>>> print(open('upload13.txt').read())   # compact mmCIF, C-alpha atoms
# COMPACT_ATOMS: atom_id res chain seq x y z
CA VAL A 113 0.00 0.00 0.00
CA SER A 114 1.39 3.37 -0.92
CA THR A 115 1.86 6.17 1.62
CA ALA A 116 -0.66 8.33 -0.24
CA THR A 117 -3.31 5.60 0.07
CA VAL A 118 -2.76 5.33 3.82
CA TYR A 119 -2.99 9.09 4.34
CA ARG A 120 -6.22 9.23 2.33
CA ASP A 121 -7.90 7.33 5.20
CA TYR A 122 -5.78 8.61 8.09
CA PRO A 123 -4.75 12.28 8.43
CA ASP A 124 -1.53 11.55 10.35
CA LYS A 125 0.52 8.89 12.12
CA LEU A 126 -1.34 9.42 15.40
CA ALA A 127 -4.63 8.56 13.66
CA ILE A 128 -3.11 5.32 12.35
CA LEU A 129 -1.80 4.47 15.81
CA LYS A 130 -5.16 5.26 17.44
CA ALA A 131 -7.02 3.02 14.95
CA LEU A 132 -4.63 0.17 15.73
CA ILE A 133 -4.92 0.74 19.47
CA VAL A 134 -8.72 0.86 19.34
CA HIS A 135 -8.81 -2.42 17.41
CA VAL A 136 -6.40 -4.23 19.73
CA THR A 137 -7.96 -2.81 22.91
CA ILE A 138 -11.56 -3.58 21.94
CA SER A 139 -10.55 -7.17 21.11
CA ARG A 140 -8.78 -7.41 24.47
CA GLN A 141 -11.79 -5.92 26.30
CA ASP A 142 -14.17 -8.39 24.64
CA PHE A 143 -11.98 -11.27 25.79
CA LEU A 144 -11.65 -9.90 29.34
CA VAL A 145 -15.37 -9.34 29.83
CA SER A 146 -16.19 -12.75 28.37
CA SER A 147 -13.63 -14.52 30.54
CA PHE A 148 -14.38 -12.50 33.68
CA SER A 149 -18.13 -13.08 33.28
CA ARG A 150 -17.61 -16.68 34.42
CA ILE A 151 -16.81 -15.30 37.90
CA ALA A 152 -20.50 -14.53 38.42
CA ASP A 153 -21.34 -18.13 39.22
CA ALA A 154 -18.03 -20.02 39.21
CA PRO A 155 -17.52 -22.20 42.28
CA ASP A 156 -13.83 -21.21 42.18
CA TRP A 157 -13.70 -17.55 41.15
CA ARG A 158 -9.97 -17.45 41.93
CA ALA A 159 -9.18 -19.96 39.18
CA VAL A 160 -11.21 -17.91 36.68
CA LEU A 161 -9.43 -14.73 37.75
CA ALA A 162 -5.97 -16.34 37.48
CA GLU A 163 -6.76 -17.74 34.04
CA THR A 164 -8.06 -14.35 32.88
CA LEU A 165 -4.98 -12.44 34.08
CA ARG A 166 -2.54 -14.99 32.62
CA LYS A 167 -4.34 -14.83 29.29
CA ALA A 168 -4.35 -11.01 29.40
CA TYR A 169 -0.56 -11.09 29.80
CA TYR A 170 -0.27 -13.63 26.99
CA LEU A 171 -2.35 -11.43 24.67
CA ARG A 172 -0.11 -8.44 25.44
CA THR A 173 3.08 -10.35 24.67
CA LYS A 174 2.08 -12.72 21.88
CA SER A 175 -0.56 -10.95 19.80
CA PRO A 176 0.58 -8.47 17.15
CA GLY A 177 0.72 -4.99 18.64
CA GLY A 178 -0.25 -6.23 22.10
CA GLY A 179 2.53 -4.75 24.21
CA ALA A 180 3.39 -1.89 21.87
CA THR A 181 -0.15 -0.53 21.96
CA ARG A 182 -0.10 -0.41 25.77
CA ARG A 183 3.18 1.54 25.74
CA ALA A 184 1.89 3.95 23.08
CA LEU A 185 -1.13 4.79 25.26
CA GLN A 186 1.18 6.33 27.83
CA TYR A 187 2.88 8.75 25.45
CA SER A 188 0.00 10.64 23.89
CA PRO A 189 -2.41 12.73 25.98
CA ASP A 190 -5.26 11.92 23.57
CA LEU A 191 -4.56 8.20 23.72
CA TRP A 192 -4.08 8.30 27.48
CA LEU A 193 -7.52 9.91 27.91
CA TRP A 194 -9.04 7.34 25.58
CA ASP A 195 -7.45 4.57 27.65
CA GLU A 196 -8.83 6.05 30.87
CA LYS A 197 -12.32 6.06 29.36
CA HIS A 198 -11.86 2.49 28.14
CA THR A 199 -10.68 1.35 31.58
CA GLU A 200 -13.74 2.92 33.17
CA GLN A 201 -16.02 1.14 30.67
CA LEU A 202 -14.29 -2.15 31.43
CA ALA A 203 -14.76 -1.51 35.17
CA GLU A 204 -18.48 -0.87 34.63
CA ALA A 205 -18.88 -4.13 32.71
CA CYS A 206 -16.99 -6.10 35.36
CA ALA A 207 -18.93 -4.38 38.15
CA LYS A 208 -22.15 -5.79 36.71
CA ILE A 209 -20.56 -9.23 36.77
CA ILE A 210 -19.50 -9.10 40.42
CA ARG A 211 -22.94 -7.77 41.37
CA LYS A 212 -24.40 -10.98 39.94
CA ARG A 213 -22.20 -12.86 42.39
CA LYS A 214 -22.94 -10.42 45.24
CA PRO A 215 -26.33 -8.80 44.55
CA SER A 216 -26.25 -6.85 47.83
CA MET A 217 -23.31 -4.78 46.56
CA THR A 218 -24.27 -1.32 45.33
CA PRO A 219 -23.42 -0.38 41.73
CA ALA A 220 -21.13 2.43 42.95
CA THR A 221 -19.22 0.10 45.27
CA ALA A 222 -18.87 -2.57 42.60
CA LYS A 223 -17.56 -0.03 40.08
CA ARG A 224 -15.07 1.42 42.60
CA ILE A 225 -13.80 -2.07 43.45
CA MET A 226 -13.42 -3.06 39.83
CA LEU A 227 -11.82 0.21 38.76
CA THR A 228 -9.24 -0.16 41.53
CA GLY A 229 -8.59 -3.82 40.73
CA ILE A 230 -8.39 -3.31 36.98
CA ALA A 231 -6.15 -0.23 37.17
CA THR A 232 -3.76 -2.07 39.47
CA ALA A 233 -3.71 -5.20 37.31
CA ILE A 234 -3.11 -3.09 34.18
CA ALA A 235 -0.14 -1.36 35.82
CA LEU A 236 1.40 -4.67 36.88
CA LEU A 237 0.84 -6.32 33.51
CA ASP A 238 2.36 -3.26 31.81
CA LEU A 239 5.40 -3.67 34.06
CA ALA A 240 5.62 -7.38 33.29
CA CYS A 241 5.68 -6.63 29.56
CA LEU A 242 8.82 -4.54 30.02
CA LEU A 243 10.77 -7.30 31.78
CA PRO A 244 12.54 -10.43 30.55
CA ALA A 245 10.17 -13.43 30.40
CA ARG A 246 11.49 -15.10 33.56
CA SER A 247 11.01 -11.96 35.67
CA ALA A 248 7.73 -11.15 33.95
CA GLN A 249 6.16 -14.45 35.01
CA GLY A 250 6.88 -13.63 38.64
CA ILE A 251 5.18 -10.23 38.28
CA VAL A 252 2.15 -11.86 36.62
CA GLU A 253 1.84 -14.34 39.49
CA GLU A 254 2.16 -11.50 42.04
CA CYS A 255 -0.53 -9.61 40.12
CA ILE A 256 -2.82 -12.63 40.42
CA ALA A 257 -2.10 -13.04 44.14
CA MET A 258 -2.64 -9.35 44.84
CA THR A 259 -5.87 -9.16 42.84
CA GLU A 260 -7.22 -12.30 44.54
CA ALA A 261 -6.39 -10.89 47.97
CA TYR A 262 -8.03 -7.57 47.07
CA LEU A 263 -11.23 -9.15 45.71
CA ALA A 264 -11.60 -11.90 48.34
CA PRO A 265 -13.46 -9.80 50.94
CA TYR A 266 -15.96 -8.80 48.26
CA LEU A 267 -16.41 -12.08 46.40
CA ASP A 268 -16.15 -14.77 49.11
>>> encode(input="upload13.txt", output="structure tokens")
Amino acid sequence: VSTATVYRDYPDKLAILKALIVHVTISRQDFLVSSFSRIADAPDWRAVLAETLRKAYYLRTKSPGGGATRRALQYSPDLWLWDEKHTEQLAEACAKIIRKRKPSMTPATAKRIMLTGIATAIALLDLACLLPARSAQGIVEECIAMTEAYLAPYLD
């Protein structure tokens, strides 16, 4: 594809990057919500959570653009704001899921819990993506342990 053809559809490099990031992130979000939704009635929610976080790390490191898109989000104010909005939407979707498991939880509480858990997990998975594979696996396992410990009082 020629450069002129690309710039006919995208005004600049940032627009190309944003289109790629939106595609990768929406695919990742669809997977996360689908996987996390099993927590609503899973006898062992911890196993579902661990599987979801391990797969999220795998998607970042093995899928085309997975890790690079996360790093790019941190360098552009427009992309950073888009990522914040996306994280909040993901938290809202996951809050509905944990409320199915714990119907007595208010929507505001569920969203706060999920926003905190997701933001923390994202930061740790971002860190893991910057490290050599051996060190990264340790960070992923710590992310799982920390997220389980954080969610346990709400989901047990």
>>> residues_around(input="upload13.txt", residues="A:Tyr170", least_positions_apart="5", cutoff="10 Å", atoms="all atoms listed in the file", output="PyMOL selection string")
chain A and resi 164-165+175+178-179+237+241
>>> atom_distance(input="upload13.txt", atom1="atom CA of A:Ala203", atom2="atom CA of A:Met226")
5.1 Å
>>> residues_around(input="upload13.txt", residues="A:Thr228", least_positions_apart="5", cutoff="12 Å", atoms="only C-alpha atoms", output="PDB file with C-alpha atoms, keeping the file's coordinate frame")
ATOM      1  CA  THR A 199     -10.680   1.350  31.580  1.00  0.00           C
ATOM      2  CA  GLU A 200     -13.740   2.920  33.170  1.00  0.00           C
ATOM      3  CA  LEU A 202     -14.290  -2.150  31.430  1.00  0.00           C
ATOM      4  CA  ALA A 203     -14.760  -1.510  35.170  1.00  0.00           C
ATOM      5  CA  GLU A 204     -18.480  -0.870  34.630  1.00  0.00           C
ATOM      6  CA  CYS A 206     -16.990  -6.100  35.360  1.00  0.00           C
ATOM      7  CA  ALA A 207     -18.930  -4.380  38.150  1.00  0.00           C
ATOM      8  CA  THR A 221     -19.220   0.100  45.270  1.00  0.00           C
ATOM      9  CA  ALA A 222     -18.870  -2.570  42.600  1.00  0.00           C
ATOM     10  CA  LYS A 223     -17.560  -0.030  40.080  1.00  0.00           C
ATOM     11  CA  ALA A 233      -3.710  -5.200  37.310  1.00  0.00           C
ATOM     12  CA  ILE A 234      -3.110  -3.090  34.180  1.00  0.00           C
ATOM     13  CA  ALA A 235      -0.140  -1.360  35.820  1.00  0.00           C
ATOM     14  CA  MET A 258      -2.640  -9.350  44.840  1.00  0.00           C
ATOM     15  CA  THR A 259      -5.870  -9.160  42.840  1.00  0.00           C
ATOM     16  CA  TYR A 262      -8.030  -7.570  47.070  1.00  0.00           C
ATOM     17  CA  LEU A 263     -11.230  -9.150  45.710  1.00  0.00           C
TER      18      LEU A 263
END
>>> closest_residue(input="upload13.txt", among="A:Val145, A:Ala131, A:Ala116, A:Ala240", to="A:Leu161", atoms="all atoms listed in the file")
A:Val145
>>> axis_aligned_box(input="upload13.txt", around="stretch 197-212 of chain A", padding_each_side="6 Å", output="AutoDock Vina command-line options")
--center_x -17.5 --center_y -2.5 --center_z 34.8 --size_x 25.7 --size_y 29.0 --size_z 25.2
>>> atom_distance(input="upload13.txt", atom1="atom CA of A:Ala159", atom2="atom CA of A:Arg211")
18.5 Å
>>> atom_distance(input="upload13.txt", atom1="atom CA of A:Ala231", atom2="atom CA of A:Met217")
20.1 Å
>>> residues_around(input="upload13.txt", residues="A:Thr137", least_positions_apart="5", cutoff="12 Å", atoms="all atoms listed in the file", output="PyMOL selection string")
chain A and resi 129-132+142-144+168+171-172+175-182+184-185+191+194-199+201-202
>>> closest_residue(input="upload13.txt", among="A:Arg166, A:Lys208, A:Leu227, A:Asp190", to="A:Gly250", atoms="all atoms listed in the file")
A:Arg166
>>> residues_around(input="upload13.txt", residues="A:Trp157", least_positions_apart="5", cutoff="10 Å", atoms="all atoms listed in the file", output="list in words")
Phe148, Arg150, Ile151, Ala152, Ala162, Glu163, Arg213, Glu260, Leu263, Ala264, Leu267 and Asp268 of chain A
>>> closest_residue(input="upload13.txt", among="A:Leu236, A:Ile133, A:Asp124, A:Gln186", to="A:Ala248", atoms="only C-alpha atoms")
A:Leu236
>>> closest_residue(input="upload13.txt", among="A:Val118, A:Ala261, A:Leu126, A:Leu242", to="A:Arg183", atoms="only C-alpha atoms")
A:Leu242
>>> closest_residue(input="upload13.txt", among="A:Lys167, A:Lys214, A:Arg120, A:Arg140", to="A:Val252", atoms="all atoms listed in the file")
A:Lys167
>>> closest_residue(input="upload13.txt", among="A:Pro244, A:Ala205, A:Leu239, A:Gly229", to="A:Ser147", atoms="only C-alpha atoms")
A:Ala205
>>> build_atoms(input="upload13.txt", residues="stretch 123-137 of chain A", atoms="N, CA, C and O atoms", output="mmCIF file, keeping the file's coordinate frame")
data_model
loop_
_atom_site.group_PDB
_atom_site.id
_atom_site.type_symbol
_atom_site.label_atom_id
_atom_site.label_comp_id
_atom_site.auth_asym_id
_atom_site.auth_seq_id
_atom_site.Cartn_x
_atom_site.Cartn_y
_atom_site.Cartn_z
ATOM 1 N N PRO A 123 -5.391 10.974 8.634
ATOM 2 C CA PRO A 123 -4.750 12.280 8.430
ATOM 3 C C PRO A 123 -3.283 12.349 8.876
ATOM 4 O O PRO A 123 -2.519 13.156 8.354
ATOM 5 N N ASP A 124 -2.903 11.505 9.849
ATOM 6 C CA ASP A 124 -1.530 11.550 10.350
ATOM 7 C C ASP A 124 -1.178 10.232 11.030
ATOM 8 O O ASP A 124 -2.017 9.334 11.149
ATOM 9 N N LYS A 125 0.059 10.129 11.488
ATOM 10 C CA LYS A 125 0.520 8.890 12.120
ATOM 11 C C LYS A 125 -0.238 8.588 13.409
ATOM 12 O O LYS A 125 -0.497 7.434 13.738
ATOM 13 N N LEU A 126 -0.589 9.621 14.152
ATOM 14 C CA LEU A 126 -1.340 9.420 15.400
ATOM 15 C C LEU A 126 -2.700 8.776 15.115
ATOM 16 O O LEU A 126 -3.145 7.911 15.863
ATOM 17 N N ALA A 127 -3.341 9.156 14.020
ATOM 18 C CA ALA A 127 -4.630 8.560 13.660
ATOM 19 C C ALA A 127 -4.478 7.077 13.321
ATOM 20 O O ALA A 127 -5.324 6.259 13.675
ATOM 21 N N ILE A 128 -3.384 6.731 12.658
ATOM 22 C CA ILE A 128 -3.110 5.320 12.350
ATOM 23 C C ILE A 128 -2.897 4.551 13.645
ATOM 24 O O ILE A 128 -3.457 3.479 13.852
ATOM 25 N N LEU A 129 -2.088 5.116 14.526
ATOM 26 C CA LEU A 129 -1.800 4.470 15.810
ATOM 27 C C LEU A 129 -3.080 4.307 16.625
ATOM 28 O O LEU A 129 -3.327 3.239 17.194
ATOM 29 N N LYS A 130 -3.915 5.346 16.668
ATOM 30 C CA LYS A 130 -5.160 5.260 17.440
ATOM 31 C C LYS A 130 -6.074 4.171 16.876
ATOM 32 O O LYS A 130 -6.668 3.409 17.643
ATOM 33 N N ALA A 131 -6.182 4.061 15.548
ATOM 34 C CA ALA A 131 -7.020 3.020 14.950
ATOM 35 C C ALA A 131 -6.520 1.634 15.339
ATOM 36 O O ALA A 131 -7.321 0.747 15.672
ATOM 37 N N LEU A 132 -5.208 1.453 15.323
ATOM 38 C CA LEU A 132 -4.630 0.170 15.730
ATOM 39 C C LEU A 132 -4.909 -0.105 17.200
ATOM 40 O O LEU A 132 -5.322 -1.205 17.574
ATOM 41 N N ILE A 133 -4.700 0.898 18.034
ATOM 42 C CA ILE A 133 -4.920 0.740 19.470
ATOM 43 C C ILE A 133 -6.389 0.422 19.773
ATOM 44 O O ILE A 133 -6.683 -0.458 20.582
ATOM 45 N N VAL A 134 -7.288 1.114 19.118
ATOM 46 C CA VAL A 134 -8.720 0.860 19.340
ATOM 47 C C VAL A 134 -9.041 -0.580 18.968
ATOM 48 O O VAL A 134 -9.702 -1.297 19.728
ATOM 49 N N HIS A 135 -8.542 -1.042 17.835
ATOM 50 C CA HIS A 135 -8.810 -2.420 17.410
ATOM 51 C C HIS A 135 -8.277 -3.433 18.416
ATOM 52 O O HIS A 135 -9.000 -4.338 18.845
ATOM 53 N N VAL A 136 -7.018 -3.282 18.801
ATOM 54 C CA VAL A 136 -6.400 -4.230 19.730
ATOM 55 C C VAL A 136 -7.092 -4.171 21.094
ATOM 56 O O VAL A 136 -7.390 -5.203 21.707
ATOM 57 N N THR A 137 -7.379 -2.974 21.576
ATOM 58 C CA THR A 137 -7.960 -2.810 22.910
ATOM 59 C C THR A 137 -9.387 -3.335 22.968
ATOM 60 O O THR A 137 -9.764 -3.986 23.950
#
